[in-house]
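So this block is run05.tsv, TSV, C-alpha atoms and all ligand atoms:
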```tsv
chain	number	residue	atom	x	y	z
A	1438	MET	CA	-11.19	-88.16	64.91
A	1439	ILE	CA	-9.49	-89.08	61.65
A	1440	LEU	CA	-5.79	-89.88	61.61
A	1441	PHE	CA	-4.26	-88.93	58.25
A	1442	ARG	CA	-1.76	-91.70	57.55
A	1443	HIS	CA	-0.96	-91.70	53.82
A	1444	ARG	CA	0.51	-88.28	53.91
A	1445	ILE	CA	2.29	-88.10	50.55
A	1446	GLY	CA	-0.66	-89.25	48.43
A	1447	LEU	CA	-3.11	-87.21	50.49
A	1448	ASN	CA	-0.95	-84.13	50.14
A	1449	PHE	CA	-0.88	-84.45	46.35
A	1450	ILE	CA	-4.64	-84.93	46.11
A	1451	ALA	CA	-5.28	-82.01	48.49
A	1452	SER	CA	-2.92	-79.71	46.54
A	1453	MET	CA	-4.67	-80.53	43.27
A	1454	ALA	CA	-8.13	-80.24	44.82
A	1455	LYS	CA	-7.28	-76.78	46.17
A	1456	ASN	CA	-6.16	-75.68	42.70
A	1457	GLU	CA	-9.47	-74.52	41.23
A	1458	ALA	CA	-7.87	-73.80	37.84
A	1459	LEU	CA	-7.19	-77.53	37.42
A	1460	GLY	CA	-10.90	-78.37	37.38
A	1461	LEU	CA	-10.44	-82.15	37.00
A	1462	PRO	CA	-11.96	-85.07	38.92
A	1463	LEU	CA	-9.31	-86.63	41.17
A	1464	SER	CA	-8.70	-90.28	41.96
A	1465	GLY	CA	-7.14	-91.26	45.29
A	1466	ILE	CA	-4.48	-93.97	45.23
A	1467	GLY	CA	-1.59	-95.25	47.32
A	1468	GLY	CA	-1.93	-97.42	50.41
A	1469	ILE	CA	-5.72	-97.63	50.58
A	1470	GLU	CA	-6.73	-100.73	52.55
A	1471	THR	CA	-9.52	-99.75	54.92
A	1472	TRP	CA	-12.64	-97.58	54.85
A	1473	ILE	CA	-10.78	-94.99	56.92
A	1474	ASP	CA	-8.01	-94.80	54.29
A	1475	ALA	CA	-10.72	-94.39	51.64
A	1476	LEU	CA	-12.48	-91.70	53.66
A	1477	GLU	CA	-9.24	-89.76	54.13
A	1478	PHE	CA	-8.73	-89.53	50.36
A	1479	ILE	CA	-12.37	-88.56	49.78
A	1480	LEU	CA	-12.23	-85.84	52.43
A	1481	VAL	CA	-9.23	-84.19	50.76
A	1482	GLY	CA	-10.88	-84.18	47.32
A	1483	ALA	CA	-10.84	-87.61	45.64
A	1484	SER	CA	-14.11	-88.49	43.91
A	1485	THR	CA	-12.92	-91.98	42.89
A	1486	LEU	CA	-10.46	-94.41	44.51
A	1487	GLN	CA	-8.04	-97.04	43.23
A	1488	VAL	CA	-6.67	-100.00	45.18
A	1489	THR	CA	-3.94	-102.42	44.08
A	1490	THR	CA	-1.72	-103.77	46.84
A	1491	GLY	CA	-4.56	-104.06	49.37
A	1492	ILE	CA	-6.53	-106.31	47.01
A	1493	MET	CA	-3.45	-108.37	46.21
A	1494	HIS	CA	-2.89	-108.96	49.93
A	1495	TYR	CA	-6.45	-109.42	51.16
A	1496	GLY	CA	-8.63	-110.07	48.10
A	1497	TYR	CA	-11.56	-108.15	46.61
A	1498	ARG	CA	-13.48	-108.60	49.87
A	1499	ILE	CA	-11.76	-105.54	51.33
A	1500	VAL	CA	-13.79	-103.41	48.90
A	1501	GLU	CA	-16.99	-104.74	50.52
A	1502	ASP	CA	-15.51	-103.90	53.93
A	1503	MET	CA	-14.76	-100.37	52.71
A	1504	ILE	CA	-18.33	-99.94	51.44
A	1505	GLU	CA	-19.72	-101.22	54.75
A	1506	GLY	CA	-17.47	-98.98	56.86
A	1507	LEU	CA	-18.18	-95.90	54.78
A	1508	SER	CA	-21.93	-96.64	54.79
A	1509	ASP	CA	-21.97	-96.94	58.60
A	1510	PHE	CA	-19.97	-93.72	58.91
A	1511	MET	CA	-22.41	-91.88	56.61
A	1512	THR	CA	-25.47	-93.25	58.40
A	1513	GLU	CA	-24.07	-92.21	61.79
A	1514	ARG	CA	-23.50	-88.68	60.54
A	1515	GLY	CA	-26.61	-88.34	58.39
A	1516	VAL	CA	-24.67	-88.01	55.12
A	1517	ASP	CA	-26.77	-89.10	52.10
A	1518	ARG	CA	-24.28	-89.11	49.25
A	1519	ILE	CA	-20.57	-89.86	49.17
A	1520	SER	CA	-20.16	-86.82	46.93
A	1521	ASP	CA	-21.16	-84.67	49.94
A	1522	LEU	CA	-17.91	-85.76	51.61
A	1523	VAL	CA	-15.58	-85.00	48.69
A	1524	GLY	CA	-13.13	-82.27	49.74
A	1525	LYS	CA	-14.96	-81.66	53.02
A	1526	ALA	CA	-11.70	-81.50	55.04
A	1527	LEU	CA	-9.95	-79.06	52.71
A	1528	PRO	CA	-10.91	-75.91	54.68
A	1529	ASN	CA	-9.34	-77.49	57.80
A	1530	LEU	CA	-5.93	-78.12	56.20
A	1531	HIS	CA	-3.15	-75.71	57.09
A	1532	GLU	CA	0.34	-75.12	55.79
A	1533	THR	CA	3.05	-76.03	58.29
A	1534	GLU	CA	4.26	-72.41	58.37
A	1535	ASP	CA	0.86	-71.48	59.84
A	1536	PHE	CA	1.57	-73.58	62.94
A	1537	GLU	CA	2.41	-71.80	66.16
A	1538	VAL	CA	5.67	-73.62	66.81
A	1539	ASP	CA	6.40	-71.51	69.89
A	1540	ARG	CA	3.53	-73.16	71.71
A	1541	GLN	CA	4.50	-76.29	73.57
A	1542	GLY	CA	2.76	-78.80	75.71
A	1543	ILE	CA	2.34	-82.31	77.05
A	1544	THR	CA	-0.50	-84.77	77.41
A	1545	GLN	CA	-2.72	-85.06	80.44
A	1546	TYR	CA	-4.61	-88.19	81.44
A	1547	ASP	CA	-7.99	-88.48	83.15
A	1548	LEU	CA	-6.98	-91.79	84.74
A	1549	ASP	CA	-10.28	-92.27	86.60
A	1550	ARG	CA	-11.71	-93.24	83.21
A	1551	CYS	CA	-8.76	-95.44	82.15
A	1552	ILE	CA	-9.62	-99.09	81.35
A	1553	GLY	CA	-5.99	-100.24	81.58
A	1554	CYS	CA	-5.65	-101.48	77.99
A	1555	GLY	CA	-2.02	-100.35	77.67
A	1556	GLN	CA	-2.35	-99.02	74.09
A	1557	CYS	CA	-0.92	-95.62	75.05
A	1558	TYR	CA	2.16	-97.20	76.60
A	1559	LEU	CA	2.83	-99.41	73.55
A	1560	VAL	CA	2.55	-96.61	71.01
A	1561	CYS	CA	4.60	-94.20	73.10
A	1562	GLN	CA	7.30	-96.81	73.64
A	1563	ASP	CA	7.61	-97.94	70.02
A	1564	ALA	CA	6.68	-94.85	68.00
A	1565	ALA	CA	7.01	-91.77	70.17
A	1566	GLY	CA	9.01	-90.37	73.08
A	1567	GLN	CA	9.08	-93.31	75.54
A	1568	ALA	CA	7.48	-90.83	77.88
A	1569	LEU	CA	5.17	-93.31	79.61
A	1570	GLU	CA	5.97	-95.82	82.32
A	1571	TRP	CA	3.56	-98.70	82.82
A	1572	ASP	CA	2.43	-99.65	86.30
A	1573	SER	CA	1.54	-103.31	85.89
A	1574	GLY	CA	0.00	-103.44	89.38
A	1575	THR	CA	-2.60	-100.73	88.80
A	1576	ARG	CA	-2.51	-101.13	84.98
A	1577	ARG	CA	-2.17	-97.39	84.52
A	1578	PRO	CA	0.29	-95.23	82.52
A	1579	ASN	CA	2.49	-92.72	84.29
A	1580	LEU	CA	3.69	-89.74	82.25
A	1581	ILE	CA	7.28	-88.53	82.54
A	1582	GLU	CA	6.42	-84.97	81.62
A	1583	ASP	CA	9.76	-83.72	80.30
A	1584	LYS	CA	10.01	-86.62	77.83
A	1585	CYS	CA	6.59	-86.05	76.26
A	1586	LEU	CA	6.79	-84.89	72.62
A	1587	SER	CA	3.10	-83.85	72.59
A	1588	CYS	CA	2.72	-85.88	69.38
A	1589	MET	CA	-0.70	-87.05	70.70
A	1590	LEU	CA	-0.23	-90.55	69.26
A	1591	CYS	CA	-1.42	-91.92	72.61
A	1592	LYS	CA	-4.65	-89.95	72.22
A	1593	PHE	CA	-5.22	-91.43	68.75
A	1594	VAL	CA	-5.00	-95.01	70.05
A	1595	CYS	CA	-6.77	-94.60	73.40
A	1596	PRO	CA	-10.21	-96.28	73.13
A	1597	VAL	CA	-11.78	-93.95	75.72
A	1598	PRO	CA	-12.87	-90.67	74.08
A	1599	GLU	CA	-11.30	-87.49	75.47
A	1600	LEU	CA	-9.45	-89.35	78.24
A	1601	ILE	CA	-6.16	-87.96	76.94
A	1602	SER	CA	-5.94	-84.27	76.15
A	1603	PHE	CA	-3.35	-81.61	75.32
A	1604	LYS	CA	-2.03	-79.44	78.14
A	1605	GLU	CA	-0.23	-76.25	77.20
A	1606	MET	CA	3.03	-75.64	79.06
A	1607	PRO	CA	4.58	-72.25	79.84
A	1608	ALA	CA	7.19	-70.82	77.46
A	1609	GLU	CA	9.99	-71.42	80.00
A	1610	TRP	CA	9.22	-75.16	80.22
A	1611	HIS	CA	11.89	-77.39	78.65
A	1612	ARG	CA	11.58	-80.82	77.13
A	1613	ARG	CA	14.43	-83.22	77.84
A	1614	GLU	CA	16.79	-83.20	74.84
A	1615	THR	CA	17.17	-86.97	74.64
A	1616	ALA	CA	13.41	-87.47	74.63
A	1617	VAL	CA	13.26	-88.78	71.09
A	1618	MET	CA	15.47	-91.78	71.83
A	1619	ASP	CA	15.51	-94.13	74.78
A	1620	SER	CA	18.77	-93.10	76.50
A	1621	SER	CA	19.68	-96.77	77.04
A	1622	MET	CA	20.12	-97.02	73.25
A	1623	GLU	CA	22.65	-94.20	73.02
A	1624	LYS	CA	25.67	-96.31	73.98
A	1625	GLU	CA	24.67	-99.06	71.53
A	1626	ILE	CA	24.22	-96.89	68.45
A	1627	LYS	CA	27.20	-95.23	66.81
A	1628	VAL	CA	26.32	-92.72	64.10
A	1629	GLU	CA	29.10	-91.60	61.77
A	1630	PRO	CA	28.61	-88.15	60.20
A	1631	PHE	CA	27.61	-88.23	56.53
A	1632	THR	CA	30.57	-87.23	54.34
A	1633	LYS	CA	31.47	-87.69	50.67
A	1634	GLU	CA	34.34	-89.98	51.62
A	1635	GLY	CA	32.38	-92.25	53.95
A	1636	PRO	CA	31.99	-94.35	56.00
A	1637	ASN	CA	28.38	-93.09	56.12
A	1638	GLU	CA	27.15	-95.90	58.28
A	1639	CYS	CA	24.91	-96.36	61.24
A	1640	VAL	CA	26.38	-99.25	63.24
A	1641	ILE	CA	24.26	-101.06	65.80
A	1701	LIG	C1	2.07	-105.78	41.09
A	1701	LIG	C2	1.70	-104.41	40.64
A	1701	LIG	C3	1.48	-104.19	39.34
A	1701	LIG	C4	1.15	-102.89	38.88
A	1701	LIG	N1	0.94	-102.70	37.55
A	1701	LIG	C5	0.65	-101.45	37.10
A	1701	LIG	C6	0.41	-101.20	35.70
A	1701	LIG	O1	0.48	-102.11	34.88
A	1701	LIG	N2	0.11	-99.94	35.31
A	1701	LIG	C7	0.05	-98.92	36.22
A	1701	LIG	O2	-0.22	-97.77	35.81
A	1701	LIG	N3	0.25	-99.12	37.53
A	1701	LIG	C8	0.54	-100.35	37.99
A	1701	LIG	N4	0.76	-100.56	39.35
A	1701	LIG	C9	0.68	-99.41	40.26
A	1701	LIG	C10	-0.68	-99.35	40.93
A	1701	LIG	O3	-1.66	-99.05	39.97
A	1701	LIG	C11	-0.74	-98.30	42.01
A	1701	LIG	O4	-0.39	-97.03	41.46
A	1701	LIG	C12	0.20	-98.54	43.17
A	1701	LIG	O5	0.30	-99.89	43.45
A	1701	LIG	C13	-0.26	-97.74	44.40
A	1701	LIG	O6	-1.53	-98.13	44.88
A	1701	LIG	P1	-1.73	-99.22	46.04
A	1701	LIG	O7	-1.09	-98.66	47.29
A	1701	LIG	O8	-3.19	-99.43	46.18
A	1701	LIG	O9	-1.03	-100.48	45.60
A	1701	LIG	C14	1.06	-101.85	39.79
A	1701	LIG	C15	1.28	-102.10	41.14
A	1701	LIG	C16	1.59	-103.35	41.58
A	1701	LIG	C17	1.82	-103.60	43.06
A	1702	LIG	S1	2.05	-87.36	73.40
A	1702	LIG	FE1	3.48	-88.73	72.34
A	1702	LIG	S2	5.35	-88.68	73.61
A	1702	LIG	FE2	3.67	-87.81	74.87
A	1702	LIG	S3	2.89	-89.54	76.05
A	1702	LIG	FE3	1.65	-89.41	74.18
A	1702	LIG	S4	2.65	-90.80	72.68
A	1702	LIG	FE4	4.10	-90.40	74.36
A	1703	LIG	S1	-4.88	-96.12	76.07
A	1703	LIG	FE1	-6.31	-94.93	77.34
A	1703	LIG	S2	-7.56	-96.51	78.37
A	1703	LIG	FE2	-5.78	-97.56	77.53
A	1703	LIG	S3	-4.29	-97.59	79.24
A	1703	LIG	FE3	-3.86	-95.76	78.03
A	1703	LIG	S4	-5.01	-94.12	79.00
A	1703	LIG	FE4	-5.85	-96.05	79.75
```

Please lay out the structure from this file as structure tokens.
Amino acid sequence: MILFRHRIGLNFIASMAKNEALGLPLSGIGGIETWIDALEFILVGASTLQVTTGIMHYGYRIVEDMIEGLSDFMTERGVDRISDLVGKALPNLHETEDFEVDRQGITQYDLDRCIGCGQCYLVCQDAAGQALEWDSGTRRPNLIEDKCLSCMLCKFVCPVPELISFKEMPAEWHRRETAVMDSSMEKEIKVEPFTKEGPNECVI
């Protein structure tokens, strides 16, 4: 599974690649540091790549790492030429208005296969709905269903394939409204409405 992270740059490349009238070779750029970043740009239509900040931070060696990672990926999947991957993901891209936003769901965990690494808990706590509790005795996550945003970030980080999956919920099911923020934070954060006159501040 590929996680598309550099959304703005990828979106521009994909839009240009889909525009057949343009007919130009495209070069991916913006936040490329790993072979997965490189692959993401190639899959949406880039036939060359450029890297600046990554090399300034880590040196030219990261290019060798990218070549190695991409080579392993291609060998695993029996791909002979990098050009065979250019634009390969384009048919799978959809406009947001195509999404069925009426569908809703949560995650479900096959905990018999869990290795207790805690990655799901960390990502849910810091970047998602704080919908997981962590049982430090059994080293297993416990889902609070009505806080789950079904963002599937936990699935992206879980090292055990297909342990975490999407479970559709009935139309009458309701997610807790405060799910996006830990309710203990609510009394500490005061948000003033944005107006021309001010104060326009978020005070912590
Ligand atoms: C220190 C620095 C200097 C740059 N100098 C130039 C430049 O002279 N001409 C140019 O077109 N872009 C320049 N850029 C922009 C980069 O080419 C590139 O567009 C941008 O950094 C995004 O790619 P990255 O995420 O790999 O850094 C520079 C970027 C950095 C960080
Ligand atoms: S889907 Fe998102 S909100 Fe739900 S448990 Fe996973 S990371 Fe947390
Ligand atoms: S990330 Fe996966 S393996 Fe790790 S604790 Fe969570 S469910 Fe278990």

Problem - Near-ligand residues for ligand LIG 1701 (chain A), threshold 12 Å, all atoms listed in the file, as number ranges by chain - result: A: 1443, 1445-1446, 1464-1471, 1474-1475, 1486-1495, 1499-1500

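If you measure from each of A:Gln1545, A:Leu1600, A:Thr1575, A:Cys1554 to ligand LIG 1702 (chain A) using only C-alpha atoms and all ligand atoms, the closest one turns out to be A:Gln1545.
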
What are the nearest atom pairs, with distances in Å to one decimal, for all residues of chain A that come at most 12 Å from ligand LIG 1703 (chain A), using all atoms listed in the file, set out by chain and rising residue number as a tab-separated table?
```
residue	atom	partner	partner_atom	distance
A:Thr1544	CA	A:LIG1703	S4	10.5
A:Gln1545	CA	A:LIG1703	S4	9.5
A:Tyr1546	CA	A:LIG1703	S4	6.4
A:Asp1547	CA	A:LIG1703	S4	7.6
A:Leu1548	CA	A:LIG1703	S4	6.5
A:Asp1549	CA	A:LIG1703	FE4	9.0
A:Arg1550	CA	A:LIG1703	S2	7.2
A:Cys1551	CA	A:LIG1703	FE4	3.8
A:Ile1552	CA	A:LIG1703	S2	4.4
A:Gly1553	CA	A:LIG1703	S3	3.9
A:Cys1554	CA	A:LIG1703	FE2	3.9
A:Gly1555	CA	A:LIG1703	S3	3.9
A:Gln1556	CA	A:LIG1703	S1	4.3
A:Cys1557	CA	A:LIG1703	S1	4.1
A:Tyr1558	CA	A:LIG1703	FE3	6.4
A:Leu1559	CA	A:LIG1703	S1	8.8
A:Val1560	CA	A:LIG1703	S1	9.0
A:Cys1561	CA	A:LIG1703	FE3	9.9
A:Leu1569	CA	A:LIG1703	FE3	9.5
A:Glu1570	CA	A:LIG1703	FE3	10.7
A:Trp1571	CA	A:LIG1703	S3	8.7
A:Asp1572	CA	A:LIG1703	S3	10.0
A:Ser1573	CA	A:LIG1703	S3	10.5
A:Thr1575	CA	A:LIG1703	S3	10.2
A:Arg1576	CA	A:LIG1703	S3	7.0
A:Arg1577	CA	A:LIG1703	S3	5.7
A:Pro1578	CA	A:LIG1703	S3	6.1
A:Asn1579	CA	A:LIG1703	S4	9.3
A:Leu1580	CA	A:LIG1703	S4	10.3
A:Met1589	CA	A:LIG1703	S1	11.3
A:Leu1590	CA	A:LIG1703	S1	10.0
A:Cys1591	CA	A:LIG1703	S1	6.4
A:Lys1592	CA	A:LIG1703	S1	7.3
A:Phe1593	CA	A:LIG1703	S1	8.7
A:Val1594	CA	A:LIG1703	S1	6.1
A:Cys1595	CA	A:LIG1703	S1	3.6
A:Pro1596	CA	A:LIG1703	S2	5.9
A:Val1597	CA	A:LIG1703	S2	5.6
A:Pro1598	CA	A:LIG1703	FE1	8.5
A:Glu1599	CA	A:LIG1703	FE1	9.2
A:Leu1600	CA	A:LIG1703	FE1	6.5
A:Ile1601	CA	A:LIG1703	S4	6.6
A:Ser1602	CA	A:LIG1703	S4	10.3
```

Exercise for the section: Excluding Met1511 in chain A and any residue of its chain fewer than 4 positions from it, enumerate the residues within 12 Å of it, using only C-alpha atoms, and give them as a PyMOL selection string. Expected result: chain A and resi 1472+1476+1504-1507+1515-1522

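Restricting the calculation to all atoms listed in the file, the smallest distance between ligand LIG 1702 (chain A) and any of A:Glu1609, A:Asp1502, A:Glu1582, A:Glu1532 is found for A:Glu1582.
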
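Pairwise distance (CA of Pro1462 in chain A, CA of Ile1450 in chain A) equals 10.3 Å.
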
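Here the question is which of A:Phe1603, A:Glu1537, A:Arg1613, A:Ala1608 gets nearest to ligand LIG 1702 (chain A) using all atoms listed in the file, and that residue is A:Phe1603.
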
Fill in the blank from the handout: Computed gap from CA of Ser1587 in chain A to CA of Gln1567 in chain A is 11.6 Å

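The space separating CA of Asn1529 in chain A from CA of Leu1461 in chain A comes to 21.3 Å.
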
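Applying the 9 Å criterion to (-10.5, -80.8, 50.2) in file coordinates and using all atoms listed in the file, one obtains the residues A:Ile1450, A:Ala1451, A:Ser1452, A:Ala1454, A:Lys1455, A:Phe1478, A:Ile1479, A:Leu1480, A:Val1481, A:Gly1482, A:Ala1483, A:Val1523, A:Gly1524, A:Lys1525, A:Ala1526, A:Leu1527, A:Pro1528, A:Asn1529, A:Leu1530.
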
Please define a box with edges along x, y and z of the file around all atoms of range 1556-1567 of chain A given in the file, extend it by 6 Å on each side, and return its centre and edge lengths in Å to one decimal, as AutoDock Vina command-line options.
```
--center_x 3.4 --center_y -94.9 --center_z 72.3 --size_x 23.4 --size_y 21.0 --size_z 20.6
```

Exercise for the section: Using only C-alpha atoms, pick whichever of A:Met1503, A:Met1453, A:Cys1588, A:Ala1565 has the shortest atom-to-atom distance to Gly1542 in chain A. Expected result: A:Cys1588

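Distances from A:Gly1566, A:Asp1583, A:Glu1477, A:Lys1604 to ligand LIG 1702 (chain A) were compared using all atoms listed in the file, and the smallest one belongs to A:Gly1566.
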